[in-house]
$ cat run_31.tsv   # TSV, C-alpha atoms
chain	number	residue	atom	x	y	z
A	254	MET	CA	0.00	0.00	0.00
A	255	GLU	CA	1.34	3.39	-0.96
A	256	GLU	CA	2.23	5.90	1.67
A	257	PRO	CA	-0.62	8.40	2.03
A	258	LYS	CA	0.32	12.02	1.52
A	259	ASP	CA	-2.43	14.51	2.06
A	260	ALA	CA	-3.63	16.08	5.27
A	261	LEU	CA	-6.56	13.78	5.96
A	262	ARG	CA	-4.42	10.73	5.49
A	263	GLU	CA	-1.62	12.14	7.57
A	264	ILE	CA	-4.08	12.45	10.35
A	265	GLN	CA	-4.79	8.77	10.00
A	266	THR	CA	-1.14	7.80	10.08
A	267	GLY	CA	-0.62	9.96	13.11
A	268	SER	CA	2.52	11.69	11.95
A	269	GLY	CA	3.72	14.49	14.25
A	270	ASP	CA	2.60	17.22	11.88
A	271	ALA	CA	-0.79	15.62	11.69
A	272	ILE	CA	-1.28	15.83	15.40
A	273	LYS	CA	-0.42	19.52	15.31
A	274	VAL	CA	-2.81	20.11	12.46
A	275	PHE	CA	-5.57	18.16	14.08
A	276	SER	CA	-5.10	20.01	17.38
A	277	GLY	CA	-5.05	23.31	15.58
A	278	GLY	CA	-8.16	22.38	13.70
A	279	PHE	CA	-9.85	21.40	16.87
A	280	ASN	CA	-8.93	24.61	18.63
A	281	SER	CA	-10.36	26.43	15.68
A	282	ALA	CA	-13.55	24.45	16.05
A	283	MET	CA	-13.75	25.62	19.66
A	284	THR	CA	-13.54	29.22	18.50
A	285	GLY	CA	-16.50	28.60	16.25
A	286	LEU	CA	-18.41	26.94	19.04
A	287	SER	CA	-17.70	29.79	21.41
A	288	GLN	CA	-19.09	32.26	18.89
A	289	MET	CA	-22.18	30.13	18.46
A	290	ALA	CA	-22.73	29.79	22.19
A	291	GLY	CA	-21.87	33.34	23.12
A	292	GLN	CA	-19.53	32.08	25.81
A	293	GLU	CA	-16.01	30.84	25.89
A	294	ILE	CA	-15.72	27.16	25.10
A	295	LYS	CA	-12.35	25.51	25.17
A	296	ILE	CA	-10.71	22.15	25.26
A	297	SER	CA	-9.61	20.91	28.63
A	298	ASN	CA	-8.27	17.60	27.41
A	299	MET	CA	-7.31	16.23	24.05
A	300	GLU	CA	-5.92	12.76	23.55
A	301	PHE	CA	-4.89	11.33	20.24
A	302	LYS	CA	-5.12	7.55	20.24
A	303	LYS	CA	-4.45	4.75	17.85
A	304	VAL	CA	-7.10	2.08	18.08
A	305	PRO	CA	-7.64	-1.17	16.13
A	306	ILE	CA	-10.68	-0.67	13.93
A	307	LYS	CA	-12.36	-3.75	15.36
A	308	ASP	CA	-12.24	-2.18	18.79
A	309	VAL	CA	-13.87	1.13	17.93
A	310	PRO	CA	-17.43	0.13	18.86
A	311	GLY	CA	-16.00	-1.25	22.11
A	312	LEU	CA	-14.85	2.25	23.07
A	313	PHE	CA	-18.45	3.25	23.44
A	314	GLY	CA	-19.60	0.16	25.32
A	315	GLY	CA	-19.87	-2.37	22.51
A	316	PRO	CA	-21.63	-2.60	19.15
A	317	GLU	CA	-25.08	-2.50	20.73
A	318	ALA	CA	-24.36	0.52	22.92
A	319	LEU	CA	-26.54	3.52	22.28
A	320	ILE	CA	-24.61	6.52	21.03
A	321	ILE	CA	-25.34	9.84	19.43
A	322	ALA	CA	-23.19	10.53	16.40
A	323	VAL	CA	-22.92	13.67	14.32
A	324	TYR	CA	-21.60	12.69	10.98
A	325	LEU	CA	-20.58	14.69	7.97
A	326	GLU	CA	-18.74	14.13	4.75
A	327	ILE	CA	-15.67	15.97	3.63
A	328	SER	CA	-15.06	16.80	0.00
A	329	GLY	CA	-12.10	18.46	-1.50
A	330	LYS	CA	-8.71	17.38	-2.69
A	331	THR	CA	-9.58	14.04	-1.24
A	332	ASN	CA	-12.82	12.92	0.28
A	333	GLY	CA	-13.52	11.53	3.67
A	334	GLN	CA	-15.81	11.53	6.63
A	335	MET	CA	-15.83	13.10	10.02
A	336	CYS	CA	-17.80	11.90	12.95
A	337	VAL	CA	-18.11	12.95	16.55
A	338	ILE	CA	-19.56	10.50	19.00
A	339	TYR	CA	-21.12	11.18	22.36
A	340	GLU	CA	-22.80	9.09	24.97
A	341	PRO	CA	-26.44	10.20	24.78
A	342	LYS	CA	-26.45	11.77	28.22
A	343	VAL	CA	-23.32	13.72	27.35
A	344	ALA	CA	-24.84	14.99	24.11
A	345	PHE	CA	-27.84	16.21	26.07
A	346	ASP	CA	-25.49	17.98	28.49
A	347	LEU	CA	-23.85	19.67	25.54
A	348	ILE	CA	-27.18	20.96	24.32
A	349	ASP	CA	-27.99	22.24	27.80
A	350	LEU	CA	-24.60	23.90	28.00
A	351	LEU	CA	-25.04	25.66	24.67
A	352	MET	CA	-28.53	26.78	25.47
A	353	GLY	CA	-27.62	27.97	28.91
A	354	GLN	CA	-30.01	25.50	30.48
A	355	PRO	CA	-29.38	23.57	33.69
A	356	SER	CA	-27.84	20.16	33.13
A	357	GLY	CA	-30.58	17.57	32.88
A	358	SER	CA	-33.08	19.75	31.01
A	359	THR	CA	-32.60	17.91	27.76
A	360	HIS	CA	-33.37	14.25	27.96
A	361	GLU	CA	-34.48	13.15	24.52
A	362	LEU	CA	-33.60	13.71	20.92
A	363	THR	CA	-36.44	15.49	19.19
A	364	GLU	CA	-36.17	17.66	16.08
A	365	MET	CA	-34.91	20.60	18.08
A	366	GLU	CA	-32.09	18.72	19.76
A	367	ARG	CA	-31.12	17.12	16.47
A	368	SER	CA	-31.00	20.50	14.89
A	369	ALA	CA	-28.84	21.91	17.71
A	370	LEU	CA	-26.36	19.06	17.49
A	371	GLY	CA	-26.34	19.32	13.74
A	372	GLU	CA	-25.54	23.00	14.02
A	373	VAL	CA	-22.72	22.21	16.43
A	374	GLY	CA	-21.39	19.65	13.98
A	375	ASN	CA	-21.66	22.12	11.16
A	376	ILE	CA	-19.77	24.87	13.01
A	377	MET	CA	-17.09	22.59	14.36
A	378	GLY	CA	-16.70	20.90	10.99
A	379	SER	CA	-16.45	24.16	9.10
A	380	PHE	CA	-13.97	25.77	11.45
A	381	PHE	CA	-11.92	22.58	11.63
A	382	LEU	CA	-11.78	22.19	7.86
A	383	ASN	CA	-11.13	25.88	7.29
A	384	TYR	CA	-8.12	25.60	9.55
A	385	ILE	CA	-6.84	22.59	7.62
A	386	SER	CA	-7.46	24.37	4.34
A	387	ASP	CA	-5.58	27.44	5.52
A	388	THR	CA	-2.71	25.40	6.86
A	389	THR	CA	-2.28	23.02	3.97
A	390	GLY	CA	-3.45	25.20	1.14
A	391	LEU	CA	-5.85	22.47	0.09
A	392	SER	CA	-9.53	23.10	0.16
A	393	PHE	CA	-12.00	20.95	2.05
A	394	GLN	CA	-15.72	21.44	2.54
A	395	PRO	CA	-18.10	19.77	4.94
A	396	SER	CA	-21.46	18.39	3.92
A	397	PRO	CA	-24.54	19.23	5.99
A	398	PRO	CA	-24.33	17.04	9.07
A	399	VAL	CA	-26.53	14.11	10.00
A	400	VAL	CA	-27.38	13.38	13.60
A	401	MET	CA	-27.95	9.74	14.47
A	402	MET	CA	-28.88	8.00	17.67
A	403	ASP	CA	-28.59	4.24	17.44
A	404	MET	CA	-26.35	1.26	18.13
A	405	ALA	CA	-22.64	2.03	17.86
A	406	GLY	CA	-21.98	-0.95	15.59
A	407	ALA	CA	-24.72	0.04	13.19
A	408	ILE	CA	-23.68	3.68	12.93
A	409	LEU	CA	-20.04	2.87	12.36
A	410	ASP	CA	-20.22	-0.26	10.25
A	411	THR	CA	-20.31	1.15	6.74
A	412	THR	CA	-17.63	3.69	7.52
A	413	LEU	CA	-15.29	1.27	9.21
A	414	ALA	CA	-15.90	-1.51	6.70
A	415	GLY	CA	-14.46	0.47	3.82
A	416	LEU	CA	-11.45	1.40	5.87
A	417	MET	CA	-10.80	-2.16	7.02
A	418	GLU	CA	-9.72	-3.04	3.50
A	419	PHE	CA	-6.71	-0.82	3.81
A	420	THR	CA	-5.69	-0.55	7.41
A	421	ASP	CA	-6.21	-2.24	10.75
A	422	GLU	CA	-6.04	0.83	12.92
A	423	ILE	CA	-7.59	4.24	13.10
A	424	TYR	CA	-6.65	7.41	14.93
A	425	ILE	CA	-9.24	8.94	17.14
A	426	MET	CA	-9.26	12.06	19.21
A	427	GLU	CA	-10.83	11.87	22.62
A	428	THR	CA	-11.65	15.30	23.88
A	429	VAL	CA	-13.16	17.03	26.82
A	430	PHE	CA	-14.38	20.52	26.16
A	431	GLY	CA	-16.70	23.10	27.62
A	432	THR	CA	-16.87	26.20	29.71
A	433	ASN	CA	-14.99	26.64	32.94
A	434	ASP	CA	-17.66	24.91	34.95
A	435	ARG	CA	-19.34	22.56	32.48
A	436	GLN	CA	-17.59	20.02	30.35
A	437	VAL	CA	-18.55	17.32	27.91
A	438	ALA	CA	-16.56	14.45	26.47
A	439	GLY	CA	-16.69	13.54	22.81
A	440	THR	CA	-14.70	11.28	20.54
A	441	PHE	CA	-13.74	12.47	17.07
A	442	LEU	CA	-12.98	10.31	14.11
A	443	VAL	CA	-11.62	11.69	10.87
A	444	ILE	CA	-11.65	9.11	8.13
A	445	PRO	CA	-10.17	9.55	4.69
A	446	ASN	CA	-11.94	7.83	1.85
A	447	PRO	CA	-9.61	5.10	0.63
A	448	GLU	CA	-11.00	4.97	-2.91
A	449	THR	CA	-9.91	8.45	-3.77
A	450	GLU	CA	-6.16	8.22	-3.96
A	451	THR	CA	-5.07	11.37	-5.72
A	452	TYR	CA	-1.59	12.77	-5.57
B	161	MET	CA	-20.83	-13.13	18.52
B	162	LEU	CA	-19.87	-12.65	14.89
B	163	GLY	CA	-17.94	-9.53	13.99
B	164	MET	CA	-17.71	-8.05	10.52
B	165	GLY	CA	-16.83	-10.76	8.03
B	166	GLU	CA	-17.06	-13.58	10.55
B	167	TYR	CA	-19.15	-16.73	10.35
B	168	ALA	CA	-20.02	-19.82	12.35
B	169	VAL	CA	-21.72	-23.14	11.70
B	170	THR	CA	-22.71	-25.33	14.58
B	171	ALA	CA	-24.92	-28.23	15.59
B	172	SER	CA	-24.48	-27.50	19.25
B	173	PRO	CA	-27.97	-27.16	20.73
B	174	GLY	CA	-27.13	-24.62	23.38
B	175	ALA	CA	-25.52	-22.25	20.91
B	176	VAL	CA	-26.86	-18.83	20.06
B	177	LEU	CA	-25.24	-17.21	17.04
B	178	CYS	CA	-25.50	-13.45	16.89
B	179	CYS	CA	-24.53	-10.31	15.03
B	180	ILE	CA	-24.71	-7.18	17.14
B	181	GLY	CA	-25.25	-3.65	15.85
B	182	LEU	CA	-25.83	-4.22	12.14
B	183	GLY	CA	-26.05	-1.06	10.08
B	184	SER	CA	-25.58	-1.66	6.39
B	185	CYS	CA	-24.10	-5.08	7.17
B	186	ILE	CA	-26.39	-8.08	6.84
B	187	ALA	CA	-26.58	-11.29	8.86
B	188	ILE	CA	-27.41	-14.32	6.73
B	189	CYS	CA	-28.87	-17.16	8.79
B	190	MET	CA	-29.22	-20.68	7.47
B	191	TYR	CA	-30.92	-23.43	9.43
B	192	ASP	CA	-31.43	-27.12	8.68
B	193	TYR	CA	-34.52	-27.91	10.72
B	194	VAL	CA	-34.04	-31.68	10.57
B	195	ALA	CA	-30.34	-31.92	11.37
B	196	ARG	CA	-30.64	-28.88	13.66
B	197	ILE	CA	-27.60	-27.22	12.22
B	198	GLY	CA	-27.34	-23.45	12.20
B	199	GLY	CA	-25.00	-21.22	10.24
B	200	MET	CA	-24.64	-17.46	10.29
B	201	VAL	CA	-22.38	-15.03	8.47
B	202	HIS	CA	-21.92	-11.27	9.00
B	203	ILE	CA	-21.42	-9.78	5.56
B	204	VAL	CA	-20.20	-6.27	5.07
B	205	LEU	CA	-19.99	-5.39	1.39
B	206	PRO	CA	-21.80	-6.54	-1.75
B	207	HIS	CA	-19.02	-8.07	-3.76
B	208	THR	CA	-15.34	-8.44	-3.90
B	209	GLY	CA	-13.47	-6.95	-6.82
B	210	THR	CA	-10.61	-9.35	-6.53
B	211	PRO	CA	-10.52	-12.52	-4.44
B	212	ASP	CA	-8.74	-11.57	-1.27
B	213	GLY	CA	-9.08	-14.59	0.95
B	214	HIS	CA	-11.96	-13.16	2.95
B	215	PRO	CA	-14.99	-14.72	1.28
B	216	THR	CA	-17.19	-14.14	4.30
B	217	LYS	CA	-16.99	-10.37	4.11
B	218	TYR	CA	-18.70	-10.10	0.74
B	219	ALA	CA	-22.25	-11.09	-0.07
B	220	ASN	CA	-21.47	-12.74	-3.38
B	221	THR	CA	-18.86	-15.11	-1.94
B	222	ALA	CA	-20.26	-15.54	1.56
B	223	VAL	CA	-23.50	-17.13	0.34
B	224	PRO	CA	-21.94	-20.12	-1.43
B	225	PHE	CA	-19.32	-20.34	1.29
B	226	LEU	CA	-21.82	-20.61	4.12
B	227	LEU	CA	-23.93	-23.11	2.17
B	228	GLN	CA	-20.87	-25.22	1.67
B	229	GLU	CA	-19.95	-25.10	5.35
B	230	VAL	CA	-23.43	-26.03	6.44
B	231	VAL	CA	-23.43	-28.99	4.07
B	232	LYS	CA	-19.99	-30.04	5.27
B	233	LYS	CA	-21.36	-30.13	8.78
B	234	GLY	CA	-24.11	-32.47	7.70
B	235	GLY	CA	-26.82	-30.11	6.62
B	236	SER	CA	-28.84	-30.47	3.45
B	237	ARG	CA	-29.79	-27.71	1.00
B	238	ASP	CA	-33.34	-28.96	0.62
B	239	ARG	CA	-34.00	-28.54	4.30
B	240	LEU	CA	-32.67	-25.04	4.78
B	241	THR	CA	-34.59	-22.04	5.95
B	242	ILE	CA	-32.72	-18.87	5.12
B	243	LYS	CA	-33.34	-15.59	6.90
B	244	VAL	CA	-31.61	-12.25	6.50
B	245	ALA	CA	-31.55	-9.11	8.60
B	246	GLY	CA	-29.76	-5.79	8.44
B	247	GLY	CA	-28.98	-3.75	5.36
B	248	ALA	CA	-30.17	-0.43	6.76
B	249	GLN	CA	-29.10	2.91	5.44
B	250	MET	CA	-27.98	4.64	8.60
B	251	ALA	CA	-27.20	8.14	7.39
B	252	ILE	CA	-30.09	9.59	5.51
B	253	ALA	CA	-29.83	13.21	4.52
B	254	PRO	CA	-30.17	15.07	1.26
B	255	GLY	CA	-26.73	16.70	1.26
B	256	LEU	CA	-24.72	13.55	1.71
B	257	ARG	CA	-22.61	12.23	-1.08
B	258	ASP	CA	-22.32	8.89	0.60
B	259	SER	CA	-25.54	7.51	-0.74
B	260	PHE	CA	-23.69	4.37	-1.59
B	261	HIS	CA	-26.79	2.46	-0.55
B	262	THR	CA	-24.50	-0.24	0.73
B	263	GLY	CA	-27.30	-1.85	2.72
B	264	GLU	CA	-29.53	-2.11	-0.31
B	265	ARG	CA	-26.72	-3.38	-2.52
B	266	ASN	CA	-25.80	-5.99	0.04
B	267	LEU	CA	-29.34	-7.32	-0.02
B	268	GLU	CA	-29.51	-7.37	-3.81
B	269	GLU	CA	-26.24	-9.24	-4.02
B	270	ILE	CA	-27.41	-11.79	-1.47
B	271	LYS	CA	-30.59	-12.42	-3.42
B	272	THR	CA	-28.63	-12.88	-6.64
B	273	ALA	CA	-26.18	-15.25	-5.01
B	274	LEU	CA	-28.97	-17.31	-3.46
B	275	GLN	CA	-30.78	-17.50	-6.79
B	276	LYS	CA	-27.61	-18.86	-8.34
B	277	GLU	CA	-27.55	-21.55	-5.68
B	278	ARG	CA	-31.24	-22.22	-6.27
B	279	VAL	CA	-32.26	-21.56	-2.71
B	280	CYS	CA	-34.38	-18.67	-1.53
B	281	ILE	CA	-35.00	-16.39	1.43
B	282	THR	CA	-37.66	-17.58	3.85
B	283	ALA	CA	-37.92	-14.39	5.86
B	284	GLY	CA	-36.12	-11.10	6.26
B	285	ASP	CA	-36.01	-7.79	8.09
B	286	THR	CA	-33.96	-5.36	6.08
B	287	GLY	CA	-33.78	-1.75	5.01
B	288	GLY	CA	-34.90	1.25	7.01
B	289	SER	CA	-32.48	3.31	9.02
B	290	ALA	CA	-32.24	1.57	12.37
B	291	GLY	CA	-29.49	-0.63	13.73
B	292	ARG	CA	-30.32	-4.27	14.39
B	293	THR	CA	-29.06	-7.11	16.54
B	294	VAL	CA	-29.81	-10.60	15.24
B	295	ARG	CA	-29.81	-13.81	17.23
B	296	MET	CA	-30.30	-17.39	16.06
B	297	PHE	CA	-31.03	-20.12	18.57
B	298	VAL	CA	-29.56	-23.34	17.25
B	299	ASP	CA	-31.82	-25.69	19.21
B	300	THR	CA	-34.97	-24.41	17.51
B	301	GLY	CA	-33.76	-22.34	14.58
B	302	LYS	CA	-35.59	-19.33	15.96
B	303	VAL	CA	-34.26	-15.99	14.70
B	304	THR	CA	-34.94	-12.74	16.55
B	305	VAL	CA	-34.20	-9.17	15.56
B	306	ARG	CA	-33.87	-6.35	18.06
B	307	THR	CA	-33.76	-2.63	17.37
B	308	ILE	CA	-33.06	0.33	19.60
B	309	GLY	CA	-36.77	1.07	19.92
B	310	GLY	CA	-36.55	-1.91	22.24
B	311	SER	CA	-38.91	-4.16	20.33
B	312	VAL	CA	-37.75	-7.70	19.61
B	313	LYS	CA	-39.37	-9.48	16.74
B	314	GLU	CA	-39.13	-13.00	15.48
B	315	LEU	CA	-38.48	-13.71	11.82
$ encode --input "run_31.tsv" --output "structure tokens"
Amino acid sequence: MEEPKDALREIQTGSGDAIKVFSGGFNSAMTGLSQMAGQEIKISNMEFKKVPIKDVPGLFGGPEALIIAVYLEISGKTNGQMCVIYEPKVAFDLIDLLMGQPSGSTHELTEMERSALGEVGNIMGSFFLNYISDTTGLSFQPSPPVVMMDMAGAILDTTLAGLMEFTDEIYIMETVFGTNDRQVAGTFLVIPNPETETY
Amino acid sequence: MLGMGEYAVTASPGAVLCCIGLGSCIAICMYDYVARIGGMVHIVLPHTGTPDGHPTKYANTAVPFLLQEVVKKGGSRDRLTIKVAGGAQMAIAPGLRDSFHTGERNLEEIKTALQKERVCITAGDTGGSAGRTVRMFVDTGKVTVRTIGGSVKEL
């Protein structure tokens, strides 16, 4: 298999530059989120991990575990996908945080919550990809996001299946972010699309 | 528990074969009700471009493979009930490029492969946009499908 070269792939191979770019992108995403929320939101913890693809659903409690995922597609010099995964309760906390509501107010995913999480995904995705575009000079655009709440295995299977052809491991970013007194934990996956090998 | 691309064939009465959290993947269940032999495979993609030594990952190769394994174990094609579940399209939104319809293609490929083998599907629960967990109880051949809504149904 040829050595991947562009930014998205470098993220997957976890090269040092990639970690810097990813962190920078993520910080940029926080700026966007802060603007959206009207309050300062920052990362308190960011951990870049290499995980065997087979084990990804296990990170969230197993393939049947209920998760909320905000998923969007990346198009540009190469294509890929981006996904952020939360435990449902954590996603609800995020919505409460952004809406300035007490924790525990949101407890189900109706149209409104979906829309809020989608908006979050959109902002974070755009700011993240803009940063990457600025840094690498390559242009990437996010698709409108999709919010899903279902079994971890089901949500991830198509995405991971394609990747499994080419690699056994994937890099994920586990983050904790929020305001000074309220934090949420989310896991980010950035997945390049193996079919589009362009150099 | 069968992960992506895994399979099992057993005559062990206490066994329960299962595929957990199926999105676009499909579980193919074959059961010989006389010999009480059950086989299940967790397919991921419709067909393989080039043979790569993983026949059980692809619908077009997994079908004949599983049939073969069930027969090897003592099962007979004439006595098989075949049930499928999965093949959902998880991300449904207008803006997405990824309308690969993998779930749908998986099902189509399975049907084609079964037709070639001159066997057919007895029952199925496929499509939609919800994740499924499938279990087959080898003592009776019973197949159940569970979705996040909480409801469990029998195929």
$ atom_distance --input "run_31.tsv" --atom1 "atom CA of B:Gly310" --atom2 "atom CA of B:Cys179"
16.3 Å
$ interface_residues --input "run_31.tsv" --of "chain A" --to "chain B" --cutoff "10 Å" --atoms "only C-alpha atoms" --output "JSON, numbers by chain"
{"A": [307, 310, 315, 316, 317, 318, 319, 323, 324, 325, 326, 327, 328, 332, 333, 334, 395, 396, 397, 398, 399, 400, 401, 402, 403, 404, 405, 406, 407, 408, 409, 410, 411, 412, 413, 414, 415, 417, 418]}
$ atom_distance --input "run_31.tsv" --atom1 "atom CA of A:Arg367" --atom2 "atom CA of A:Gly291"
19.8 Å
$ atom_distance --input "run_31.tsv" --atom1 "atom CA of A:Gly439" --atom2 "atom CA of A:Tyr339"
5.0 Å
$ residues_around --input "run_31.tsv" --residues "A:Ile306" --least-positions-apart "5" --cutoff "10 Å" --atoms "only C-alpha atoms" --output "PyMOL selection string"
chain A and resi 311+413-414+416-417+420-424
